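Engineer: Sharing a structure below in structure tokens format, with a few things to ask.
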Amino acid sequence: MLLRKCIAACLMATALRLAAQEPQPAATLDAAAAPERWNLYYQATSIGQYHGTFNSPYSGPFSLQDYPERDVSLTTTLFFALRLEQNTVLIFDPEIAGGRGFSGVNGLANSSNGELPRVASATPKPYLARLYVSHDFGWGTEKENVESDENQLGGARPVNRYTITAGRFTVTDFFDDNRYSHDPRTQFMGWAIMYNGAWDYPADVRGYTWGWVHELHTRHFSFRYASAAMPRVANGLRFDRRIFVNRGDVFEGEYRYALRQHAGAIRLLNYENHADAGNYAQAIRQAQLTGTTPDITTTRHNGTLKYGFGVNAEQELTKNVGVFGRLGWNDGKTESFAFTAVDRLATGGASVTGAAWHRPNDTVAAEFTASGISGVHAQYLALGGHDFLIGDGRLQYAPECIPEAYYNARIIPGFFASFDVQHAANPAYNRDRGPVWIYSLRLHVEFGKKDFVH
């Protein structure tokens with residue numbers, strides 16, 4: 001802990017020195033960069049999925065079902081941003097989500113539909129997705145233009161700034177970003193590829209939380225820290241209010257650069273969660289003493305620490321081709337609590353826009369993701385234990401490997417259709433079951449103030 005804090009302090013001091021050494025030219029902003037007072041955006045996404053039969057000699061309470069399943073999800077979101085003063089912005093996003101995932105969103109660690117983060121209710125329900133305030137503390141005269149977008153007001157922001165955000169949000173709005181894989185509404189849909197699957201990020205069952213985020217931003221470096229509420233129980237809807245005992249802390253450093261005028265970025269992430277969570281080894285010992293099936297929920301203890309690290313990289317090769325990758329690791333000893341059951345992760349892929357075939361707004365992309373778990377985690381599942389979304393009653397361990405590819409086509413401005421295919425080998429880390437082919441059709445609509453206000 002002390003070493004990490006010292007390293008973080010040194011990195012921040014270095015970034016400040018670099019910022020002070022950079023030239024600070026006067027702002028040269030045209031009229032189009034005038035601060036946007038407010039904006040309003042809207043999106044709706046529906047995903048239909050199908051998988052057929054597959055090899056399944058046995059199954060458990062959290063297994064992917066071996067019979068054909070056809071399911072549909074729907075989300076619709078209103079994004080409202082308001083400038084309260086020059087450097088202060090209010091974000092308000094109400095959202096409606098509904099639909100079903102395969103087998104109640106169980107049976108895959110790298111689940112196939114990022115629009116269904118563990119919620120298996122078919123009835124669309126409204127809820128508050130985001131409600132937060134952000135304030136920039138800038139220094140120097142250099143500015144950068146920011147385009148109007150969802151949860152982002154157009155105008156100018158200081159290049160060198162310290163930003164505080166507080167309220168309700170998803171921490172993935174700020175951390176583990178990637179140009180080529182971060183949005184399941186338009187890009188890859190697998191959970192462990194849209195974000196780092198080994199990052200058990202603090203969130204409720206819908207993927208949101210309450211907390212605050214601190215960001216130090218310079219021309220080439222960004223440093224972020226967030227502290228956010230953890231759910232009261234694994235995959236829970238209610239939050240634990242004992243924030244001095246149970247919470248999620250996230251740290252990230254980002255370096256942006258260019259190779260031959262092609263942008264790239266590297267991000268290093270560390271997280272430390274404290275929750276009322278259980279321990280796999282303790283659950284196994286209890287089961288051996290009592291002759292029962294291990295149950296991690298019986299070992300839960302306030303303040304249990306789960307920690308991990310991630311690496312995230314992206315590189316533009318040409319104007320229309322980019323590559324990316326992520327690596328992830330967590331301790332693997334403590335209960336999978338907030339996101340999904342992945343302790344080890346390696347993923348990489350490429351993304352190509354359709355300019356070469358005169359479809360510049362289309363994208364074709366492919367990737368490969370290998371997920372794994374620790375030895376004690378695998379032993380727990382082999383003895384019949386289960387996490388909140390996987391557990392076949394038995395286990396012949398093998399890494400869960402899922403390649404995914406999609407083609408996203410713009411039909412008309414603001415309307416996109418995608419075809420996506422995934423091939424899940426060793427679902428839920430079990431080489432006795434699968435493989436499974438998963439096919440998806442995604443329809444996505446988006447528009448904003450600029451589309452109807454002149």
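Ligands are numbered from 1 in the order shown, chains are lettered A, B, ... in the order of the structure tokens, and residues start at 1 in each chain.
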Please identify all polymer residues within 10 Å of Glu335 in chain A, counting only C-alpha atoms, omitting same-chain residues fewer than 5 positions from it, and present them as a ChimeraX atom specification.

Structural biologist: /A:200,234,275-280,296-297,299-300,304-306,341,377,387-388

Engineer: List the neighbours of range 60-68 of chain A out to 9 Å using only C-alpha atoms; skip same-chain residues closer than 2 positions along the sequence, and give me the result as a PDB file with N, CA and C atoms, in the first residue's frame.

Structural biologist:
```pdb
ATOM      1  N   TYR A  50     -29.248 -16.089 -30.412  1.00  0.00           N
ATOM      2  CA  TYR A  50     -29.628 -17.501 -30.545  1.00  0.00           C
ATOM      3  C   TYR A  50     -28.403 -18.379 -30.319  1.00  0.00           C
ATOM      4  N   HIS A  51     -28.594 -19.470 -29.596  1.00  0.00           N
ATOM      5  CA  HIS A  51     -27.604 -20.542 -29.582  1.00  0.00           C
ATOM      6  C   HIS A  51     -28.343 -21.870 -29.678  1.00  0.00           C
ATOM      7  N   GLY A  52     -27.677 -22.854 -30.277  1.00  0.00           N
ATOM      8  CA  GLY A  52     -28.292 -24.161 -30.461  1.00  0.00           C
ATOM      9  C   GLY A  52     -27.864 -25.152 -29.401  1.00  0.00           C
ATOM     10  N   THR A  53     -28.019 -26.423 -29.698  1.00  0.00           N
ATOM     11  CA  THR A  53     -27.626 -27.478 -28.767  1.00  0.00           C
ATOM     12  C   THR A  53     -26.112 -27.632 -28.767  1.00  0.00           C
ATOM     13  N   PHE A  54     -25.607 -28.237 -27.714  1.00  0.00           N
ATOM     14  CA  PHE A  54     -24.169 -28.504 -27.612  1.00  0.00           C
ATOM     15  C   PHE A  54     -23.949 -29.657 -26.644  1.00  0.00           C
ATOM     16  N   ASN A  55     -22.741 -30.176 -26.615  1.00  0.00           N
ATOM     17  CA  ASN A  55     -22.416 -31.292 -25.738  1.00  0.00           C
ATOM     18  C   ASN A  55     -22.559 -30.887 -24.276  1.00  0.00           C
ATOM     19  N   SER A  56     -23.333 -31.658 -23.511  1.00  0.00           N
ATOM     20  CA  SER A  56     -23.577 -31.318 -22.105  1.00  0.00           C
ATOM     21  C   SER A  56     -23.910 -32.594 -21.331  1.00  0.00           C
ATOM     22  N   TYR A  58     -23.646 -33.138 -18.244  1.00  0.00           N
ATOM     23  CA  TYR A  58     -24.266 -32.804 -16.963  1.00  0.00           C
ATOM     24  C   TYR A  58     -24.400 -31.279 -16.881  1.00  0.00           C
ATOM     25  N   ARG A  70     -33.538 -18.596 -27.628  1.00  0.00           N
ATOM     26  CA  ARG A  70     -33.697 -17.368 -28.406  1.00  0.00           C
ATOM     27  C   ARG A  70     -34.148 -16.274 -27.452  1.00  0.00           C
ATOM     28  N   PHE A 102     -29.429 -15.521 -22.062  1.00  0.00           N
ATOM     29  CA  PHE A 102     -29.403 -16.983 -22.070  1.00  0.00           C
ATOM     30  C   PHE A 102     -29.359 -17.541 -20.650  1.00  0.00           C
ATOM     31  N   SER A 103     -30.253 -18.474 -20.363  1.00  0.00           N
ATOM     32  CA  SER A 103     -30.230 -19.235 -19.103  1.00  0.00           C
ATOM     33  C   SER A 103     -30.219 -18.315 -17.888  1.00  0.00           C
ATOM     34  N   GLY A 104     -30.970 -17.207 -17.975  1.00  0.00           N
ATOM     35  CA  GLY A 104     -31.004 -16.259 -16.858  1.00  0.00           C
ATOM     36  C   GLY A 104     -29.693 -15.520 -16.675  1.00  0.00           C
ATOM     37  N   VAL A 105     -28.954 -15.281 -17.761  1.00  0.00           N
ATOM     38  CA  VAL A 105     -27.627 -14.638 -17.748  1.00  0.00           C
ATOM     39  C   VAL A 105     -26.665 -15.458 -16.885  1.00  0.00           C
ATOM     40  N   ASN A 106     -26.717 -16.767 -17.033  1.00  0.00           N
ATOM     41  CA  ASN A 106     -25.817 -17.673 -16.330  1.00  0.00           C
ATOM     42  C   ASN A 106     -25.087 -18.562 -17.330  1.00  0.00           C
ATOM     43  N   GLY A 107     -24.016 -19.199 -16.859  1.00  0.00           N
ATOM     44  CA  GLY A 107     -23.381 -20.247 -17.617  1.00  0.00           C
ATOM     45  C   GLY A 107     -22.180 -19.866 -18.440  1.00  0.00           C
ATOM     46  N   LEU A 108     -21.856 -18.562 -18.522  1.00  0.00           N
ATOM     47  CA  LEU A 108     -20.657 -18.092 -19.212  1.00  0.00           C
ATOM     48  C   LEU A 108     -19.997 -17.033 -18.348  1.00  0.00           C
ATOM     49  N   GLY A 384     -18.506 -28.725  -6.596  1.00  0.00           N
ATOM     50  CA  GLY A 384     -19.939 -28.466  -6.655  1.00  0.00           C
ATOM     51  C   GLY A 384     -20.348 -27.079  -6.231  1.00  0.00           C
ATOM     52  N   HIS A 386     -20.624 -22.859  -6.469  1.00  0.00           N
ATOM     53  CA  HIS A 386     -20.977 -21.989  -7.584  1.00  0.00           C
ATOM     54  C   HIS A 386     -20.799 -20.530  -7.196  1.00  0.00           C
ATOM     55  N   ASP A 387     -20.516 -19.726  -8.193  1.00  0.00           N
ATOM     56  CA  ASP A 387     -20.549 -18.279  -8.046  1.00  0.00           C
ATOM     57  C   ASP A 387     -21.955 -17.802  -8.369  1.00  0.00           C
ATOM     58  N   PHE A 388     -22.133 -16.465  -8.462  1.00  0.00           N
ATOM     59  CA  PHE A 388     -23.488 -15.994  -8.705  1.00  0.00           C
ATOM     60  C   PHE A 388     -23.937 -16.194 -10.155  1.00  0.00           C
ATOM     61  N   LEU A 389     -23.042 -16.606 -11.079  1.00  0.00           N
ATOM     62  CA  LEU A 389     -23.483 -16.810 -12.459  1.00  0.00           C
ATOM     63  C   LEU A 389     -22.868 -18.016 -13.149  1.00  0.00           C
ATOM     64  N   ILE A 390     -21.990 -18.769 -12.497  1.00  0.00           N
ATOM     65  CA  ILE A 390     -21.498 -20.023 -13.077  1.00  0.00           C
ATOM     66  C   ILE A 390     -21.460 -21.099 -12.003  1.00  0.00           C
ATOM     67  N   GLY A 391     -21.590 -22.343 -12.437  1.00  0.00           N
ATOM     68  CA  GLY A 391     -21.525 -23.495 -11.538  1.00  0.00           C
ATOM     69  C   GLY A 391     -22.256 -24.665 -12.152  1.00  0.00           C
ATOM     70  N   ASP A 392     -21.506 -25.650 -12.659  1.00  0.00           N
ATOM     71  CA  ASP A 392     -22.095 -26.812 -13.329  1.00  0.00           C
ATOM     72  C   ASP A 392     -22.273 -28.006 -12.398  1.00  0.00           C
ATOM     73  N   GLY A 393     -21.895 -27.873 -11.134  1.00  0.00           N
ATOM     74  CA  GLY A 393     -21.963 -28.996 -10.203  1.00  0.00           C
ATOM     75  C   GLY A 393     -20.712 -29.853 -10.215  1.00  0.00           C
ATOM     76  N   ARG A 394     -19.979 -29.844 -11.309  1.00  0.00           N
ATOM     77  CA  ARG A 394     -18.691 -30.513 -11.467  1.00  0.00           C
ATOM     78  C   ARG A 394     -17.846 -29.654 -12.381  1.00  0.00           C
ATOM     79  N   PRO A 427     -17.320 -23.497 -21.924  1.00  0.00           N
ATOM     80  CA  PRO A 427     -18.139 -22.522 -21.203  1.00  0.00           C
ATOM     81  C   PRO A 427     -18.055 -22.738 -19.700  1.00  0.00           C
ATOM     82  N   ALA A 428     -17.903 -21.646 -18.964  1.00  0.00           N
ATOM     83  CA  ALA A 428     -17.745 -21.686 -17.509  1.00  0.00           C
ATOM     84  C   ALA A 428     -16.541 -22.525 -17.100  1.00  0.00           C
ATOM     85  N   ARG A 433     -18.150 -29.531 -21.382  1.00  0.00           N
ATOM     86  CA  ARG A 433     -19.349 -28.960 -21.992  1.00  0.00           C
ATOM     87  C   ARG A 433     -18.962 -28.056 -23.163  1.00  0.00           C
ATOM     88  N   GLY A 434     -19.865 -27.963 -24.138  1.00  0.00           N
ATOM     89  CA  GLY A 434     -19.626 -27.109 -25.284  1.00  0.00           C
ATOM     90  C   GLY A 434     -18.875 -27.831 -26.378  1.00  0.00           C
ATOM     91  N   VAL A 436     -20.076 -23.829 -27.932  1.00  0.00           N
ATOM     92  CA  VAL A 436     -21.372 -23.223 -28.221  1.00  0.00           C
ATOM     93  C   VAL A 436     -21.179 -22.117 -29.249  1.00  0.00           C
TER      94      VAL A 436
END
```

Engineer: Just want the 12 Å neighbourhood of Gly236 in chain A, counted on only C-alpha atoms, with same-chain residues fewer than 2 positions away dropped. Output as a list in words.

Structural biologist: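 Counting only the stated atoms, we get Pro117, Arg118, Val119, Pro202, Ala203, Asp204, Val205, Arg206, Gly207, Tyr208, Thr209, Ala229, Met230, Pro231, Arg232, Val233, Ala234, Arg238, Phe239, Asp240, Ala275, Asp276, Phe337, Ala338, Phe339 and Phe388 of chain A.
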
Engineer: Next, the residues of the selection above should be written as a compact mmCIF listing (two decimals), in the first residue's frame with N, CA and C atoms.

Structural biologist:
```txt
# COMPACT_ATOMS: atom_id res chain seq x y z
N PRO A 117 -26.36 -6.71 -18.17
CA PRO A 117 -25.39 -6.97 -17.08
C PRO A 117 -26.04 -7.66 -15.89
N ARG A 118 -26.35 -8.97 -16.07
CA ARG A 118 -26.83 -9.82 -14.99
C ARG A 118 -28.32 -9.65 -14.67
N VAL A 119 -29.05 -8.77 -15.37
CA VAL A 119 -30.47 -8.60 -15.12
C VAL A 119 -31.24 -9.45 -16.10
N PRO A 202 -16.73 -2.00 -9.04
CA PRO A 202 -17.83 -1.76 -8.10
C PRO A 202 -19.09 -1.30 -8.82
N ALA A 203 -20.18 -2.03 -8.61
CA ALA A 203 -21.42 -1.72 -9.31
C ALA A 203 -22.56 -2.52 -8.72
N ASP A 204 -23.79 -2.04 -8.96
CA ASP A 204 -24.96 -2.82 -8.60
C ASP A 204 -25.26 -3.79 -9.74
N VAL A 205 -26.39 -4.47 -9.66
CA VAL A 205 -26.73 -5.49 -10.63
C VAL A 205 -26.86 -4.92 -12.04
N ARG A 206 -27.13 -3.63 -12.16
CA ARG A 206 -27.25 -3.00 -13.49
C ARG A 206 -25.95 -2.36 -13.97
N GLY A 207 -24.91 -2.38 -13.15
CA GLY A 207 -23.63 -1.86 -13.58
C GLY A 207 -23.31 -0.45 -13.12
N TYR A 208 -24.14 0.15 -12.27
CA TYR A 208 -23.94 1.52 -11.81
C TYR A 208 -23.63 1.56 -10.32
N THR A 209 -23.13 2.71 -9.86
CA THR A 209 -22.75 2.86 -8.47
C THR A 209 -22.83 4.33 -8.08
N ALA A 229 -19.28 2.85 -4.19
CA ALA A 229 -20.01 1.92 -3.33
C ALA A 229 -20.03 0.52 -3.93
N MET A 230 -19.89 -0.47 -3.06
CA MET A 230 -20.01 -1.88 -3.43
C MET A 230 -21.42 -2.36 -3.11
N PRO A 231 -21.90 -3.39 -3.82
CA PRO A 231 -23.22 -3.93 -3.47
C PRO A 231 -23.19 -4.61 -2.11
N ARG A 232 -24.34 -4.67 -1.49
CA ARG A 232 -24.45 -5.29 -0.15
C ARG A 232 -24.19 -6.79 -0.22
N VAL A 233 -24.68 -7.44 -1.28
CA VAL A 233 -24.42 -8.86 -1.52
C VAL A 233 -23.95 -9.00 -2.96
N ALA A 234 -23.35 -10.14 -3.29
CA ALA A 234 -22.87 -10.36 -4.65
C ALA A 234 -24.00 -10.20 -5.66
N ARG A 238 -28.90 -3.39 -3.96
CA ARG A 238 -28.71 -2.38 -2.91
C ARG A 238 -27.23 -2.26 -2.56
N PHE A 239 -26.86 -1.05 -2.13
CA PHE A 239 -25.46 -0.77 -1.85
C PHE A 239 -25.16 -0.88 -0.35
N ASP A 240 -23.92 -1.25 -0.07
CA ASP A 240 -23.41 -1.28 1.30
C ASP A 240 -23.04 0.15 1.70
N ALA A 275 -15.41 -5.78 0.62
CA ALA A 275 -16.82 -6.13 0.59
C ALA A 275 -17.13 -7.20 1.62
N ASP A 276 -18.41 -7.41 1.84
CA ASP A 276 -18.87 -8.49 2.71
C ASP A 276 -18.85 -9.77 1.88
N PHE A 337 -17.73 -10.91 -7.02
CA PHE A 337 -18.75 -10.21 -6.25
C PHE A 337 -19.59 -9.23 -7.06
N ALA A 338 -18.97 -8.48 -7.98
CA ALA A 338 -19.70 -7.37 -8.58
C ALA A 338 -19.82 -7.45 -10.10
N PHE A 339 -18.85 -8.06 -10.80
CA PHE A 339 -18.93 -8.09 -12.25
C PHE A 339 -19.09 -9.51 -12.76
N PHE A 388 -22.13 -16.46 -8.46
CA PHE A 388 -23.49 -15.99 -8.70
C PHE A 388 -23.94 -16.19 -10.15
```

Engineer: Tell me which protein, DNA and RNA residues are within 6 Å of Val311 in chain A, counting only C-alpha atoms, leaving out same-chain ones fewer than 3 positions away, and put them as a list in words.

Structural biologist: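 Listed by chain and then number, they are Arg267, Leu268, Arg326 and Leu327 of chain A.
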
Engineer: List the spatial neighbours of Asn160 in chain A as a list in words - criterion: any atom at most 8 Å away, only C-alpha atoms, same-chain residues fewer than 3 positions off excluded.

Structural biologist: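 After dropping sequence-adjacent residues, the list is Ala19, Gly138, Trp139, Gly140, Glu142, Leu216, His217, Thr218 and Arg219 of chain A.
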
Engineer: For those residues, write all heavy atoms to a file as an mmCIF file, in the first residue's frame.

Structural biologist:
```cif
data_model
loop_
_atom_site.group_PDB
_atom_site.id
_atom_site.type_symbol
_atom_site.label_atom_id
_atom_site.label_comp_id
_atom_site.auth_asym_id
_atom_site.auth_seq_id
_atom_site.Cartn_x
_atom_site.Cartn_y
_atom_site.Cartn_z
ATOM 1 N N ALA A 19 3.927 19.042 -17.484
ATOM 2 C CA ALA A 19 2.936 20.025 -17.902
ATOM 3 C C ALA A 19 3.493 21.436 -17.792
ATOM 4 O O ALA A 19 3.258 22.292 -18.641
ATOM 5 C CB ALA A 19 1.666 19.885 -17.051
ATOM 6 N N GLY A 138 -8.702 24.157 -13.963
ATOM 7 C CA GLY A 138 -7.698 24.223 -15.003
ATOM 8 C C GLY A 138 -6.571 25.184 -14.668
ATOM 9 O O GLY A 138 -6.722 26.090 -13.841
ATOM 10 N N TRP A 139 -5.409 24.975 -15.295
ATOM 11 C CA TRP A 139 -4.315 25.931 -15.188
ATOM 12 C C TRP A 139 -3.629 26.041 -16.544
ATOM 13 O O TRP A 139 -3.703 25.135 -17.369
ATOM 14 C CB TRP A 139 -3.338 25.541 -14.085
ATOM 15 C CG TRP A 139 -2.547 24.288 -14.356
ATOM 16 C CD1 TRP A 139 -1.328 24.186 -14.952
ATOM 17 C CD2 TRP A 139 -2.928 22.949 -14.024
ATOM 18 N NE1 TRP A 139 -0.917 22.881 -15.012
ATOM 19 C CE2 TRP A 139 -1.872 22.091 -14.446
ATOM 20 C CE3 TRP A 139 -4.038 22.382 -13.406
ATOM 21 C CZ2 TRP A 139 -1.923 20.721 -14.278
ATOM 22 C CZ3 TRP A 139 -4.077 21.012 -13.249
ATOM 23 C CH2 TRP A 139 -3.032 20.193 -13.663
ATOM 24 N N GLY A 140 -2.986 27.164 -16.782
ATOM 25 C CA GLY A 140 -2.380 27.428 -18.078
ATOM 26 C C GLY A 140 -3.418 27.963 -19.045
ATOM 27 O O GLY A 140 -4.632 27.977 -18.769
ATOM 28 N N GLU A 142 -3.545 26.895 -22.408
ATOM 29 C CA GLU A 142 -3.795 25.988 -23.518
ATOM 30 C C GLU A 142 -5.136 25.284 -23.359
ATOM 31 O O GLU A 142 -5.474 24.791 -22.277
ATOM 32 C CB GLU A 142 -2.673 24.953 -23.601
ATOM 33 C CG GLU A 142 -2.710 24.133 -24.873
ATOM 34 C CD GLU A 142 -1.533 23.191 -24.986
ATOM 35 O OE1 GLU A 142 -0.815 23.024 -23.976
ATOM 36 O OE2 GLU A 142 -1.332 22.615 -26.062
ATOM 37 N N LEU A 216 -6.458 13.778 -12.997
ATOM 38 C CA LEU A 216 -5.427 14.756 -13.351
ATOM 39 C C LEU A 216 -5.075 14.525 -14.808
ATOM 40 O O LEU A 216 -4.639 13.430 -15.187
ATOM 41 C CB LEU A 216 -4.188 14.579 -12.478
ATOM 42 C CG LEU A 216 -2.986 15.441 -12.859
ATOM 43 C CD1 LEU A 216 -3.293 16.923 -12.654
ATOM 44 C CD2 LEU A 216 -1.761 15.034 -12.050
ATOM 45 N N HIS A 217 -5.258 15.555 -15.645
ATOM 46 C CA HIS A 217 -5.119 15.405 -17.082
ATOM 47 C C HIS A 217 -4.112 16.406 -17.615
ATOM 48 O O HIS A 217 -4.199 17.606 -17.324
ATOM 49 C CB HIS A 217 -6.475 15.642 -17.754
ATOM 50 C CG HIS A 217 -6.480 15.450 -19.243
ATOM 51 N ND1 HIS A 217 -6.666 14.225 -19.840
ATOM 52 C CD2 HIS A 217 -6.331 16.334 -20.259
ATOM 53 C CE1 HIS A 217 -6.628 14.371 -21.153
ATOM 54 N NE2 HIS A 217 -6.416 15.643 -21.438
ATOM 55 N N THR A 218 -3.131 15.920 -18.386
ATOM 56 C CA THR A 218 -2.196 16.783 -19.109
ATOM 57 C C THR A 218 -2.209 16.345 -20.573
ATOM 58 O O THR A 218 -3.012 15.500 -20.972
ATOM 59 C CB THR A 218 -0.774 16.690 -18.525
ATOM 60 O OG1 THR A 218 -0.239 15.394 -18.789
ATOM 61 C CG2 THR A 218 -0.780 16.956 -17.023
ATOM 62 N N ARG A 219 -1.305 16.927 -21.378
ATOM 63 C CA ARG A 219 -1.349 16.646 -22.810
ATOM 64 C C ARG A 219 -1.160 15.155 -23.106
ATOM 65 O O ARG A 219 -1.843 14.595 -23.963
ATOM 66 C CB ARG A 219 -0.290 17.466 -23.541
ATOM 67 C CG ARG A 219 -0.188 17.151 -25.039
ATOM 68 C CD ARG A 219 0.721 18.104 -25.747
ATOM 69 N NE ARG A 219 0.131 19.433 -25.806
ATOM 70 C CZ ARG A 219 -0.790 19.793 -26.717
ATOM 71 N NH1 ARG A 219 -1.240 18.904 -27.585
ATOM 72 N NH2 ARG A 219 -1.255 21.017 -26.728
#
```

Engineer: For a quick check of understanding, using only C-alpha atoms, which of A:Ala97, A:Leu128, A:Val213, A:Val321 has the smallest distance to Glu115 in chain A?

Structural biologist: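 Checking each candidate against Glu115 in chain A, we get A:Ala97 as the closest.
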
Engineer: Name the residues of range 214-413 of chain A that fall into helix (DSSP H, G or I) according to DSSP on the backbone, using the chain letters and numbers of this document, as a list in words.

Structural biologist: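 These are the residues in question: Tyr280, Ala281, Gln282, Ala283, Ile284, Arg285, Gln286, Ala287, Gln288, Leu289, Thr290, Ile296, Thr297, Thr298, Thr299, Ala355, Ala356, Trp357, Gly375, Val376, His377, Ala378, Gln379, Tyr380, Leu381 and Ala382 of chain A.
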
Engineer: Write the residues of the preceding selection, restricted to C-alpha atoms, as a compact mmCIF listing (two decimals), in the first residue's frame.

Structural biologist:
```txt
# COMPACT_ATOMS: atom_id res chain seq x y z
CA TYR A 280 -12.92 -19.98 -1.65
CA ALA A 281 -10.36 -21.83 0.49
CA GLN A 282 -12.41 -21.30 3.66
CA ALA A 283 -15.54 -22.56 1.90
CA ILE A 284 -13.69 -25.72 0.83
CA ARG A 285 -12.35 -26.36 4.36
CA GLN A 286 -15.82 -25.96 5.86
CA ALA A 287 -17.28 -28.38 3.33
CA GLN A 288 -14.57 -30.98 4.06
CA LEU A 289 -15.28 -30.78 7.80
CA THR A 290 -19.04 -31.11 7.37
CA ILE A 296 -18.85 -19.39 -0.32
CA THR A 297 -21.72 -17.32 1.07
CA THR A 298 -21.20 -18.98 4.48
CA THR A 299 -17.70 -17.49 4.73
CA ALA A 355 -13.61 3.18 -46.11
CA ALA A 356 -11.87 0.69 -48.41
CA TRP A 357 -15.24 -0.53 -49.71
CA GLY A 375 -6.52 -23.02 -8.75
CA VAL A 376 -8.54 -22.67 -5.56
CA HIS A 377 -11.44 -21.12 -7.49
CA ALA A 378 -11.41 -24.08 -9.91
CA GLN A 379 -11.29 -26.56 -7.00
CA TYR A 380 -14.31 -24.84 -5.41
CA LEU A 381 -16.33 -25.24 -8.63
CA ALA A 382 -15.14 -28.84 -9.12
```

Engineer: List every residue of range 173-233 of chain A that DSSP, applied to the backbone, labels as strand (DSSP E), and write the result as a list in words.

Structural biologist: Thr209, Trp210, Gly211, Trp212, Val213, His214, Glu215, Leu216, His217, Phe221, Ser222, Phe223, Arg224, Tyr225, Ala226, Ser227 and Ala228 of chain A

Engineer: Could you give me, as a PyMOL selection string, the residues within 12 Å of Glu314 in chain A, counting only C-alpha atoms and dropping anything in the same chain fewer than 6 positions from it?

Structural biologist: chain A and resi 176-182+254-259+262-267+321-326+347-351

Engineer: Atoms to include: N, CA and C atoms. Write the selected residues as a short mmCIF file (atom, residue, chain, number, x, y, z; two decimals), in the first residue's frame.

Structural biologist:
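Written out: selection_10.cif:
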```
data_model
loop_
_atom_site.label_atom_id
_atom_site.label_comp_id
_atom_site.auth_asym_id
_atom_site.auth_seq_id
_atom_site.Cartn_x
_atom_site.Cartn_y
_atom_site.Cartn_z
N ASP A 176 -10.55 2.20 -17.91
CA ASP A 176 -10.44 1.08 -18.85
C ASP A 176 -11.06 1.40 -20.21
N ASP A 177 -10.95 2.65 -20.63
CA ASP A 177 -11.48 3.04 -21.94
C ASP A 177 -10.64 2.39 -23.03
N ASN A 178 -11.25 2.19 -24.19
CA ASN A 178 -10.50 1.69 -25.35
C ASN A 178 -11.26 2.10 -26.60
N ARG A 179 -10.56 2.68 -27.52
CA ARG A 179 -11.18 3.19 -28.74
C ARG A 179 -11.89 2.11 -29.53
N TYR A 180 -11.41 0.88 -29.47
CA TYR A 180 -11.91 -0.18 -30.33
C TYR A 180 -12.80 -1.19 -29.62
N SER A 181 -12.85 -1.14 -28.30
CA SER A 181 -13.66 -2.10 -27.57
C SER A 181 -14.06 -1.55 -26.22
N HIS A 182 -15.21 -0.88 -26.18
CA HIS A 182 -15.67 -0.33 -24.90
C HIS A 182 -17.19 -0.16 -24.84
N GLU A 254 -2.64 6.66 -17.47
CA GLU A 254 -2.78 6.57 -18.93
C GLU A 254 -1.71 7.40 -19.61
N TYR A 255 -1.10 6.83 -20.65
CA TYR A 255 -0.12 7.54 -21.46
C TYR A 255 -0.58 7.51 -22.90
N ARG A 256 -0.72 8.69 -23.51
CA ARG A 256 -1.14 8.82 -24.90
C ARG A 256 0.04 9.28 -25.74
N TYR A 257 0.18 8.72 -26.92
CA TYR A 257 1.34 9.02 -27.76
C TYR A 257 0.93 8.88 -29.22
N ALA A 258 1.86 9.11 -30.12
CA ALA A 258 1.63 8.92 -31.55
C ALA A 258 2.86 8.27 -32.16
N LEU A 259 2.64 7.26 -33.00
CA LEU A 259 3.69 6.63 -33.78
C LEU A 259 3.44 6.96 -35.25
N HIS A 262 0.09 8.25 -35.87
CA HIS A 262 -1.02 7.36 -35.56
C HIS A 262 -1.14 7.21 -34.05
N ALA A 263 -2.31 7.55 -33.53
CA ALA A 263 -2.51 7.64 -32.08
C ALA A 263 -2.48 6.27 -31.43
N GLY A 264 -1.94 6.25 -30.21
CA GLY A 264 -1.94 5.06 -29.39
C GLY A 264 -2.07 5.43 -27.94
N ALA A 265 -2.38 4.45 -27.10
CA ALA A 265 -2.51 4.70 -25.66
C ALA A 265 -2.24 3.42 -24.90
N ILE A 266 -1.67 3.58 -23.71
CA ILE A 266 -1.45 2.48 -22.78
C ILE A 266 -2.03 2.89 -21.43
N ARG A 267 -2.78 1.99 -20.81
CA ARG A 267 -3.40 2.29 -19.51
C ARG A 267 -3.08 1.16 -18.54
N VAL A 321 -7.54 1.38 -39.68
CA VAL A 321 -7.24 0.09 -39.06
C VAL A 321 -6.60 0.31 -37.69
N GLY A 322 -7.10 -0.39 -36.69
CA GLY A 322 -6.53 -0.30 -35.36
C GLY A 322 -6.48 -1.65 -34.69
N VAL A 323 -5.56 -1.80 -33.73
CA VAL A 323 -5.45 -3.03 -32.95
C VAL A 323 -5.51 -2.68 -31.47
N PHE A 324 -5.83 -3.67 -30.65
CA PHE A 324 -5.99 -3.43 -29.22
C PHE A 324 -5.77 -4.72 -28.45
N GLY A 325 -5.60 -4.59 -27.14
CA GLY A 325 -5.46 -5.76 -26.29
C GLY A 325 -5.61 -5.40 -24.83
N ARG A 326 -5.95 -6.39 -24.02
CA ARG A 326 -6.04 -6.23 -22.57
C ARG A 326 -5.45 -7.46 -21.90
N THR A 347 -6.81 -10.78 -23.98
CA THR A 347 -7.67 -10.54 -25.13
C THR A 347 -6.97 -9.61 -26.10
N GLY A 348 -7.24 -9.79 -27.37
CA GLY A 348 -6.65 -8.93 -28.39
C GLY A 348 -7.45 -9.02 -29.67
N GLY A 349 -7.39 -7.96 -30.49
CA GLY A 349 -8.16 -7.97 -31.72
C GLY A 349 -7.82 -6.79 -32.61
N ALA A 350 -8.58 -6.68 -33.69
CA ALA A 350 -8.38 -5.62 -34.67
C ALA A 350 -9.73 -5.10 -35.12
N SER A 351 -9.74 -3.83 -35.52
CA SER A 351 -10.95 -3.17 -35.98
C SER A 351 -10.65 -2.40 -37.25
#
```
